[in-house]
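Source file: work35.txt; contents: compact mmCIF, C-alpha atoms.
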# COMPACT_ATOMS: atom_id res chain seq x y z
CA MET M 1 87.20 45.89 5.49
CA THR M 2 86.70 45.41 9.21
CA ARG M 3 85.30 42.13 10.39
CA SER M 4 82.40 41.78 12.76
CA ARG M 5 83.38 41.02 16.32
CA TRP M 6 81.68 37.65 16.27
CA GLU M 7 83.73 36.80 13.18
CA VAL M 8 86.91 37.57 15.10
CA VAL M 9 85.76 35.30 17.94
CA ALA M 10 84.71 32.58 15.48
CA ASP M 11 88.08 32.82 13.74
CA GLN M 12 89.96 32.42 17.02
CA GLU M 13 87.72 29.59 18.17
CA CYS M 14 88.23 27.79 14.84
CA ARG M 15 91.99 28.12 15.24
CA ASP M 16 91.75 26.68 18.74
CA LEU M 17 89.63 23.83 17.46
CA TRP M 18 91.46 22.97 14.25
CA ILE M 19 95.09 23.97 14.81
CA GLY M 20 96.49 21.87 17.57
CA GLY M 21 93.03 21.31 19.02
CA ARG M 22 90.95 18.18 19.07
CA GLY M 23 89.08 18.89 15.84
CA PRO M 24 91.48 16.97 13.54
CA VAL M 25 91.58 13.98 15.92
CA LEU M 26 87.78 13.80 16.11
CA VAL M 27 87.46 14.05 12.34
CA PHE M 28 90.13 11.37 11.90
CA GLY M 29 88.13 9.03 14.17
CA PHE M 30 85.02 9.93 12.20
CA SER M 31 86.73 8.97 8.93
CA VAL M 32 87.85 5.62 10.37
CA LEU M 33 84.24 4.87 11.29
CA LEU M 34 82.99 5.82 7.83
CA SER M 35 85.73 3.74 6.20
CA ALA M 36 84.68 0.68 8.19
CA MET M 37 81.03 1.27 7.31
CA THR M 38 81.81 1.76 3.62
CA TYR M 39 83.98 -1.34 3.44
CA LEU M 40 81.35 -3.43 5.22
CA ALA M 41 78.56 -2.12 2.99
CA ALA M 42 80.60 -2.97 -0.10
CA THR M 43 81.87 -6.38 0.91
CA ASN M 44 79.80 -8.01 3.62
CA GLN M 45 77.58 -10.71 2.16
CA ALA M 46 75.09 -10.25 4.98
CA MET M 47 74.59 -6.66 3.86
CA ASN M 48 74.13 -7.54 0.20
CA PHE M 49 70.50 -6.62 0.53
CA LEU M 50 71.62 -3.07 0.59
CA GLU M 51 70.79 -1.50 -2.67
CA GLN M 52 73.27 1.21 -3.58
CA ARG M 53 70.75 3.91 -2.71
CA GLU M 54 70.15 2.30 0.67
CA ALA M 55 73.89 2.18 1.26
CA VAL M 56 74.14 5.90 0.43
CA ASN M 57 71.23 6.57 2.78
CA LEU M 58 72.92 4.54 5.52
CA MET M 59 76.11 6.54 5.07
CA VAL M 60 74.24 9.87 5.22
CA GLN M 61 72.43 8.74 8.38
CA VAL M 62 75.63 7.60 10.09
CA GLY M 63 77.41 10.76 8.95
CA LEU M 64 74.60 12.94 10.24
CA ALA M 65 74.28 11.15 13.56
CA VAL M 66 78.00 11.09 14.35
CA GLY M 67 78.64 14.54 12.84
CA VAL M 68 75.92 16.05 15.03
CA LEU M 69 77.30 14.12 18.02
CA LEU M 70 80.74 15.68 17.48
CA THR M 71 79.17 19.12 17.06
CA VAL M 72 77.30 18.66 20.33
CA VAL M 73 80.53 17.56 22.06
CA VAL M 74 82.36 20.68 20.85
CA SER M 75 79.41 22.98 21.72
CA ALA M 76 78.94 21.43 25.16
CA ASP M 77 82.58 22.27 25.93
CA ALA M 78 82.36 25.84 24.64
CA LEU M 79 81.52 27.77 27.81
CA SER M 80 81.63 25.26 30.67
CA GLY M 81 85.00 24.07 29.37
CA GLU M 82 86.39 27.62 29.49
CA ARG M 83 85.11 27.98 33.06
CA GLU M 84 86.54 24.62 34.09
CA ARG M 85 89.96 25.26 32.53
CA GLY M 86 90.11 28.72 34.12
CA THR M 87 90.35 30.50 30.75
CA PHE M 88 86.97 32.17 31.00
CA GLU M 89 88.28 35.27 32.76
CA GLY M 90 90.66 35.95 29.87
CA LEU M 91 87.82 35.54 27.41
CA LEU M 92 85.69 38.04 29.32
CA LEU M 93 88.50 40.60 29.14
CA THR M 94 88.55 40.55 25.34
CA PRO M 95 87.09 43.74 23.82
CA VAL M 96 84.05 42.07 22.25
CA SER M 97 80.49 41.84 23.43
CA ARG M 98 79.32 38.75 25.24
CA ARG M 99 76.81 38.17 22.48
CA ALA M 100 79.63 38.15 19.93
CA ILE M 101 81.47 35.57 22.05
CA VAL M 102 78.57 33.16 22.16
CA ILE M 103 77.71 33.60 18.45
CA GLY M 104 81.35 33.09 17.51
CA LYS M 105 81.48 29.92 19.57
CA LEU M 106 78.33 28.55 17.92
CA VAL M 107 79.73 29.28 14.46
CA ALA M 108 83.04 27.62 15.36
CA ALA M 109 81.25 24.54 16.70
CA SER M 110 79.26 24.34 13.47
CA THR M 111 82.50 24.03 11.51
CA MET M 112 82.84 20.58 13.09
CA TRP M 113 79.67 19.53 11.26
CA LEU M 114 80.88 21.05 8.00
CA ALA M 115 84.19 19.19 8.35
CA CYS M 116 82.30 15.93 8.92
CA LEU M 117 80.23 16.63 5.83
CA VAL M 118 83.36 17.23 3.74
CA VAL M 119 84.86 13.97 5.03
CA THR M 120 81.61 12.08 4.27
CA THR M 121 81.51 13.25 0.64
CA PRO M 122 84.11 10.82 -0.84
CA TYR M 123 82.35 7.88 0.82
CA LEU M 124 79.04 9.04 -0.64
CA TRP M 125 80.70 9.28 -4.03
CA VAL M 126 82.02 5.71 -3.79
CA LEU M 127 78.70 4.24 -2.67
CA GLY M 128 76.53 6.36 -4.96
CA ARG M 129 78.41 5.80 -8.21
CA GLY M 130 76.11 4.68 -11.00
CA VAL M 131 72.89 5.61 -9.23
CA SER M 132 73.47 9.38 -9.09
CA GLY M 133 73.08 9.21 -5.33
CA ALA M 134 76.14 11.10 -4.12
CA GLY M 135 75.10 14.58 -5.27
CA PRO M 136 71.63 14.58 -3.69
CA ALA M 137 73.02 12.91 -0.56
CA ALA M 138 75.71 15.56 -0.11
CA LEU M 139 73.17 18.32 -0.74
CA LEU M 140 70.79 16.76 1.80
CA GLY M 141 73.62 16.56 4.30
CA LEU M 142 74.46 20.20 3.72
CA THR M 143 70.90 21.48 4.08
CA VAL M 144 69.13 19.10 6.46
CA GLY M 145 72.24 18.13 8.43
CA THR M 146 73.23 21.76 8.94
CA LEU M 147 69.78 22.55 10.35
CA VAL M 148 70.02 19.64 12.80
CA ALA M 149 73.63 20.40 13.75
CA LEU M 150 72.86 24.09 14.30
CA GLY M 151 69.79 23.33 16.41
CA LEU M 152 71.31 20.64 18.62
CA GLY M 153 74.70 22.36 18.77
CA GLY M 154 72.90 25.50 19.94
CA ILE M 155 71.04 23.58 22.63
CA ALA M 156 74.35 22.10 23.82
CA LEU M 157 75.81 25.63 23.90
CA LEU M 158 72.87 26.86 25.98
CA ILE M 159 73.38 23.96 28.39
CA SER M 160 77.10 24.73 28.49
CA GLY M 161 76.34 28.34 29.36
CA GLY M 162 74.18 27.28 32.26
CA THR M 163 76.73 25.09 34.01
CA ASN M 164 80.26 25.36 35.37
CA SER M 165 80.96 21.67 34.96
CA ASN M 166 82.05 20.27 31.64
CA LYS M 167 80.94 16.80 32.69
CA THR M 168 77.41 18.06 33.32
CA SER M 169 77.09 19.85 30.01
CA LEU M 170 78.58 16.91 28.07
CA ALA M 171 76.33 14.43 29.87
CA CYS M 172 73.23 16.57 29.21
CA GLY M 173 74.16 17.01 25.55
CA LEU M 174 74.79 13.28 25.02
CA LEU M 175 71.62 12.35 26.89
CA LEU M 176 69.63 14.71 24.68
CA LEU M 177 71.11 13.10 21.57
CA LEU M 178 70.41 9.62 22.90
CA VAL M 179 66.79 10.47 23.66
CA LEU M 180 66.30 11.95 20.20
CA PHE M 181 68.17 9.22 18.36
CA ALA M 182 66.64 6.18 20.10
CA PRO M 183 63.15 6.46 18.51
CA THR M 184 64.71 6.54 15.03
CA GLN M 185 65.82 2.94 15.56
CA LEU M 186 62.22 1.73 15.72
CA PRO M 187 61.61 0.76 12.09
CA ALA M 188 57.80 0.92 12.12
CA LEU M 189 57.53 4.19 14.07
CA PRO M 190 56.60 6.57 11.23
CA LYS M 191 53.85 4.18 10.07
CA THR M 192 51.69 4.58 13.17
CA GLY M 193 49.67 7.68 14.10
CA VAL M 194 51.47 8.45 17.35
CA GLY M 195 54.75 7.33 15.82
CA GLU M 196 54.41 9.83 12.99
CA VAL M 197 53.81 12.65 15.47
CA ILE M 198 56.91 11.59 17.46
CA THR M 199 58.92 11.40 14.24
CA ARG M 200 57.76 14.84 13.13
CA ILE M 201 58.55 16.44 16.51
CA ASN M 202 61.95 14.81 16.79
CA PRO M 203 64.45 16.88 14.74
CA ILE M 204 66.73 13.88 14.15
CA GLY M 205 63.89 11.47 13.38
CA SER M 206 62.19 13.85 10.96
CA ALA M 207 65.48 14.72 9.25
CA LEU M 208 66.44 11.07 8.77
CA HIS M 209 62.94 10.24 7.53
CA TYR M 210 63.03 13.08 5.02
CA ILE M 211 66.46 12.03 3.76
CA SER M 212 65.49 8.37 3.35
CA GLN M 213 62.28 9.32 1.52
CA ILE M 214 64.34 11.18 -1.07
CA LEU M 215 67.30 8.83 -1.35
CA VAL M 216 65.59 5.44 -1.06
CA SER M 217 61.93 5.97 -1.92
CA ARG M 218 62.88 8.47 -4.64
CA ARG M 219 60.27 10.99 -3.61
CA GLY M 220 60.53 14.59 -4.76
CA TRP M 221 62.29 17.14 -2.57
CA THR M 222 59.04 18.93 -1.84
CA HIS M 223 56.91 15.82 -1.19
CA ASP M 224 57.81 15.41 2.50
CA LEU M 225 59.03 18.93 3.09
CA SER M 226 56.75 19.27 6.12
CA TYR M 227 59.08 16.85 7.93
CA LEU M 228 61.71 19.58 7.94
CA ALA M 229 59.52 21.83 10.08
CA SER M 230 60.96 20.48 13.33
CA PRO M 231 64.67 20.85 12.44
CA ALA M 232 64.02 24.30 10.91
CA VAL M 233 61.99 25.58 13.86
CA ILE M 234 64.48 24.25 16.41
CA ALA M 235 67.49 25.66 14.52
CA THR M 236 65.81 29.07 14.24
CA ALA M 237 64.52 29.14 17.82
CA VAL M 238 67.83 27.99 19.30
CA THR M 239 69.87 30.45 17.24
CA ALA M 240 67.52 33.22 18.36
CA ALA M 241 67.80 32.04 21.97
CA VAL M 242 71.61 32.01 21.74
CA ILE M 243 71.62 35.56 20.34
CA VAL M 244 69.11 36.88 22.88
CA ALA M 245 70.38 34.98 25.91
CA GLY M 246 74.05 35.27 24.93
CA PRO M 247 74.98 38.07 27.33
CA ARG M 248 73.43 36.17 30.25
CA LEU M 249 75.18 32.93 29.31
CA VAL M 250 78.67 34.38 29.22
CA ARG M 251 79.24 35.16 32.89
CA LEU M 252 81.26 33.93 35.81
CA THR M 253 79.55 32.29 38.72
CA ALA M 254 81.00 30.93 41.90
CA GLY M 255 81.04 27.22 42.71
CA LEU M 256 79.76 24.25 40.81
CA ARG M 257 76.44 24.36 38.98
CA MET W 258 33.78 -36.81 11.53
CA ASN W 259 30.54 -36.47 13.44
CA ALA W 260 27.18 -36.16 11.74
CA LEU W 261 26.94 -32.42 12.28
CA SER W 262 30.28 -31.75 10.61
CA LEU W 263 29.31 -33.99 7.73
CA LEU W 264 26.05 -32.13 7.30
CA ALA W 265 27.83 -28.77 7.42
CA ALA W 266 30.32 -29.90 4.79
CA VAL W 267 27.50 -30.99 2.50
CA LEU W 268 25.40 -27.87 3.00
CA LEU W 269 28.17 -25.31 2.68
CA SER W 270 29.63 -24.63 -0.74
CA ASN W 271 33.34 -25.13 -1.26
CA PRO W 272 35.47 -22.07 -0.46
CA THR W 273 37.51 -20.58 -3.28
CA ILE W 274 40.54 -18.34 -3.42
CA THR W 275 41.53 -16.21 -6.39
CA MET W 276 44.76 -14.26 -6.82
CA ASN W 277 45.21 -11.00 -8.75
CA HIS W 278 48.43 -12.16 -10.42
CA ASP W 279 49.65 -15.41 -11.86
CA GLN W 280 53.25 -14.31 -12.20
CA LEU W 281 55.49 -11.55 -10.98
CA THR W 282 59.09 -10.50 -11.44
CA ALA W 283 61.16 -8.75 -8.82
CA VAL W 284 64.66 -7.76 -7.92
CA ILE W 285 66.08 -9.18 -4.71
CA GLY W 286 65.08 -7.07 -1.73
CA GLN W 287 62.00 -5.67 -3.50
CA THR W 288 58.72 -5.64 -1.62
CA LEU W 289 55.74 -7.07 -3.50
CA THR W 290 52.03 -7.13 -2.77
CA VAL W 291 49.58 -9.72 -4.01
CA GLU W 292 45.88 -9.57 -3.49
CA SER W 293 43.69 -12.60 -2.87
CA VAL W 294 39.92 -12.81 -2.67
CA VAL W 295 38.57 -15.55 -0.43
CA SER W 296 34.97 -16.66 -0.90
CA SER W 297 33.83 -18.80 1.99
CA ASP W 298 30.55 -19.43 3.78
CA GLN W 299 32.36 -20.19 6.98
CA PRO W 300 35.06 -18.40 8.92
CA GLY W 301 38.64 -19.51 8.67
CA ILE W 302 42.26 -18.53 8.65
CA ALA W 303 44.17 -17.68 5.49
CA HIS W 304 47.88 -18.37 5.38
CA ILE W 305 50.43 -17.32 2.76
CA ASN W 306 53.26 -19.63 1.83
CA VAL W 307 56.34 -19.39 -0.37
CA VAL W 308 57.92 -22.39 -2.06
CA SER W 309 61.17 -22.41 -3.98
CA LEU W 310 60.97 -24.10 -7.35
CA ASP W 311 64.79 -24.35 -7.44
CA GLY W 312 65.12 -26.22 -4.17
CA VAL W 313 66.43 -23.21 -2.24
CA TYR W 314 65.58 -23.12 1.46
CA VAL W 315 62.86 -20.55 2.11
CA ASP W 316 62.45 -19.05 5.55
CA LEU W 317 58.91 -17.68 5.48
CA GLU W 318 59.60 -15.27 8.35
CA ASP W 319 62.19 -13.52 6.18
CA TRP W 320 59.73 -13.12 3.35
CA SER W 321 56.72 -11.84 5.28
CA GLN W 322 55.95 -10.62 8.77
CA ASP W 323 52.19 -11.24 8.54
CA VAL W 324 51.60 -14.74 7.23
CA THR W 325 48.08 -15.34 8.58
CA GLN W 326 44.87 -13.35 8.35
CA ARG W 327 41.39 -14.10 9.63
CA VAL W 328 38.61 -14.64 7.12
CA PRO W 329 35.03 -13.84 8.20
CA ALA W 330 32.14 -16.01 7.04
CA GLY W 331 29.71 -15.30 4.26
CA THR W 332 31.40 -12.60 2.19
CA ASP W 333 34.11 -12.25 -0.41
CA THR W 334 37.09 -11.16 1.62
CA GLN W 335 39.93 -9.29 -0.01
CA LEU W 336 43.27 -9.97 1.62
CA ASP W 337 46.47 -8.12 0.73
CA TRP W 338 49.76 -9.92 1.30
CA GLU W 339 52.97 -7.99 1.41
CA PHE W 340 56.26 -9.83 1.18
CA GLN W 341 59.86 -9.12 0.39
CA ALA W 342 61.81 -11.13 -2.14
CA VAL W 343 64.78 -12.20 -0.08
CA ASN W 344 66.26 -14.97 -2.28
CA PRO W 345 67.03 -15.01 -6.00
CA GLY W 346 65.39 -17.72 -8.10
CA HIS W 347 61.96 -19.02 -8.99
CA PHE W 348 59.24 -19.25 -6.36
CA ALA W 349 55.57 -20.03 -6.03
CA VAL W 350 53.53 -17.93 -3.65
CA TYR W 351 50.12 -19.24 -2.68
CA VAL W 352 47.44 -18.77 -0.05
CA VAL W 353 45.85 -21.59 1.90
CA LEU W 354 42.50 -21.26 3.65
CA ILE W 355 42.01 -23.32 6.78
CA PRO W 356 38.21 -23.29 7.16
CA GLN W 357 36.45 -24.01 10.40
CA ASN W 358 35.16 -27.25 8.89
CA GLY W 359 36.27 -29.24 5.91
CA PRO W 360 39.49 -29.60 3.99
CA LEU W 361 42.13 -26.98 3.27
CA VAL W 362 41.68 -24.88 0.17
CA ALA W 363 44.67 -23.60 -1.78
CA SER W 364 44.80 -20.73 -4.22
CA PRO W 365 46.44 -20.94 -7.63
CA PRO W 366 50.16 -20.18 -7.30
CA VAL W 367 51.71 -16.84 -8.19
CA HIS W 368 55.01 -17.54 -9.89
CA VAL W 369 57.62 -15.07 -8.72
CA THR W 370 60.96 -14.73 -10.49
CA VAL W 371 63.51 -12.91 -8.35
CA SER W 372 66.64 -11.68 -10.06
CA ARG W 373 69.91 -10.78 -8.42
CA ARG W 374 71.07 -7.24 -8.45
CA GLU W 375 74.37 -5.53 -8.64
CA THR W 376 75.79 -4.98 -5.21
CA LEU W 377 78.60 -2.69 -4.28
CA ASP W 378 82.07 -3.74 -5.26
CA THR W 379 85.10 -3.77 -3.03
CA GLY W 380 87.38 -2.43 -5.73
CA GLY W 381 86.08 1.11 -5.60
CA ALA W 382 85.43 1.27 -1.87
CA LEU W 383 88.78 0.05 -0.58
CA PRO W 384 91.04 2.85 -1.93
CA VAL W 385 88.76 5.53 -0.50
CA ALA W 386 88.30 3.64 2.79
CA ILE W 387 92.11 3.57 3.19
CA ALA W 388 93.05 6.92 1.66
CA VAL W 389 90.73 9.25 3.57
CA PRO W 390 91.74 8.21 7.13
CA THR W 391 95.38 8.00 6.07
CA LEU W 392 95.37 11.54 4.72
CA LEU W 393 93.48 12.88 7.73
CA GLY W 394 95.73 11.00 10.15
CA ALA W 395 98.85 12.34 8.42
CA ALA W 396 97.45 15.89 8.43
CA THR W 397 96.63 15.57 12.14
CA LEU W 398 100.12 14.32 13.00
CA ILE W 399 101.83 17.04 10.95
CA GLY W 400 99.60 19.68 12.52
CA ARG W 401 100.37 18.44 16.01
CA ARG W 402 104.12 18.38 15.37
CA ARG W 403 104.08 21.93 14.04
CA THR W 404 102.08 23.11 17.04
CA ALA W 405 104.43 21.33 19.44
CA LYS W 406 107.44 23.16 17.93
Output the file's structure in the form of structure tokens.
Amino acid sequence: MTRSRWEVVADQECRDLWIGGRGPVLVFGFSVLLSAMTYLAATNQAMNFLEQREAVNLMVQVGLAVGVLLTVVVSADALSGERERGTFEGLLLTPVSRRAIVIGKLVAASTMWLACLVVTTPYLWVLGRGVSGAGPAALLGLTVGTLVALGLGGIALLISGGTNSNKTSLACGLLLLLVLFAPTQLPALPKTGVGEVITRINPIGSALHYISQILVSRRGWTHDLSYLASPAVIATAVTAAVIVAGPRLVRLTAGLR
Amino acid sequence: MNALSLLAAVLLSNPTITMNHDQLTAVIGQTLTVESVVSSDQPGIAHINVVSLDGVYVDLEDWSQDVTQRVPAGTDTQLDWEFQAVNPGHFAVYVVLIPQNGPLVASPPVHVTVSRRETLDTGGALPVAIAVPTLLGAATLIGRRRTAK
């Protein structure tokens, strides 16, 4: 059975990322962070308020935020990094379409999120024992987190395609994450009229709100489903934009942009 | 007290406060709501307070963010008070009305029993917190060595 060309690109990109690349190091750092969070949640007297479900929710939120951050970092490097390292010409000479290149790169970047999710699972199991919280939390991470990671990773890839400088694409990607993540730290935001609109528009804010409603408030999966509109729309639109604009993104340009 | 205040105190009926519960039970961290109805002919300020019956220090700011509410004159005013049980033990929650004139009026207390709850244990968390990074770190090192060869 012959594989699609984008699969070949994705396979090669995954090898570059995970075998001898920076993927394992990033995931190792991610696991150290989760270990510290888990240990603190389980032992720190100041955090004893945390009910087990709240601790599971906290772990999902940290996992999602940092996992998406790592996905954005990998995506932001995908095209501008190749240009900066001078390996882009070789990539352009490969007998695959430019669209296949950009799709393959997006798929490879998404594996970073999946790896983070796999690493998060044992921590969820430890914190969610006895309250049946680990299963739903992992499932929420897989569904909601994948939507967010795909959407924001795709945006970072689009930014990366539009610049020759890795610093620029990384800075834009991180700034985007910061802008989206900052409102989620305002505890009363979803309770106000304008705040609810901001939460619903923001893919990270709406995803975290949906997850906490299920894990902490024990709402049904369909009760706040409308909150997933933003992550779903952004993931779909960005994936479509990557597929449509792919050939224009994968090109050499002179000088710094 | 001047003559006008004295006259007002005589003419106006005494304010009353009723609560919708006389006792509640909660688990630490749980958010509770009690409802009070204030009947007063004059405007005033209602204030919720929490007292420990076990002698534990109570920081009211930790229990509730909104501890005062305005009470208009002449009608029965329903006031909802939301608070979080932040200490285990036995507590009395009550509302005090500070009327424009006259003495303070206190509601009957709501006895709140807050029980502890099981928190996470270190025993289960520590092995996972050590094992996962160790395994990933070892895998990363082995992978790097193989690639370097």
Residues of chain W within 10 Å of chain M, using all atoms listed in the file, as a VMD selection string?
chain W and resid 285 to 287 343 to 344 373 to 405
Find the axis-aligned box for range 388-394 of chain W, covering all its listed atoms and adding 6 Å on each side, and write its centre and edge lengths in Å to one decimal as JSON.
{"center_x": 93.2, "center_y": 9.9, "center_z": 5.9, "size_x": 17.0, "size_y": 18.0, "size_z": 20.5}
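Our summary of the geometry notes that CA of Thr236 in chain M is positioned 23.1 Å from CA of Ala137 in chain M.
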One decimal, Å: what's the distance from CA of His278 in chain W over to CA of Glu292 in chain W, could you say?
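Between CA of His278 in chain W and CA of Glu292 in chain W the gap works out to 7.8 Å.
Our summary of the geometry notes that CA of Ala303 in chain W is positioned 6.1 Å from CA of Arg327 in chain W.
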Could you list, as a list in words, every residue within 7 Å of Thr325 in chain W, counting all atoms listed in the file and ignoring same-chain residues fewer than 6 positions away?
Ile302, Ala303, His304 and Ile305 of chain W
Dump as a short mmCIF file (atom, residue, chain, number, x, y, z; two decimals), keeping the file's coordinate frame, selection limited to C-alpha atoms:
data_model
loop_
_atom_site.label_atom_id
_atom_site.label_comp_id
_atom_site.auth_asym_id
_atom_site.auth_seq_id
_atom_site.Cartn_x
_atom_site.Cartn_y
_atom_site.Cartn_z
CA ILE W 302 42.26 -18.53 8.65
CA ALA W 303 44.17 -17.68 5.49
CA HIS W 304 47.88 -18.37 5.38
CA ILE W 305 50.43 -17.32 2.76
#
Check the smallest atom-to-atom distance from each of W:Asn358, W:Val307, W:Ala363, W:Val295 to Val328 in chain W using all atoms listed in the file, then report the winner.
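Using all atoms listed in the file, the shortest distance to Val328 in chain W belongs to W:Val295.
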Nearest to Thr334 in chain W: which of W:Gln299, W:Leu361, W:Val308, W:Gly346 is it, counting all atoms listed in the file?
W:Gln299
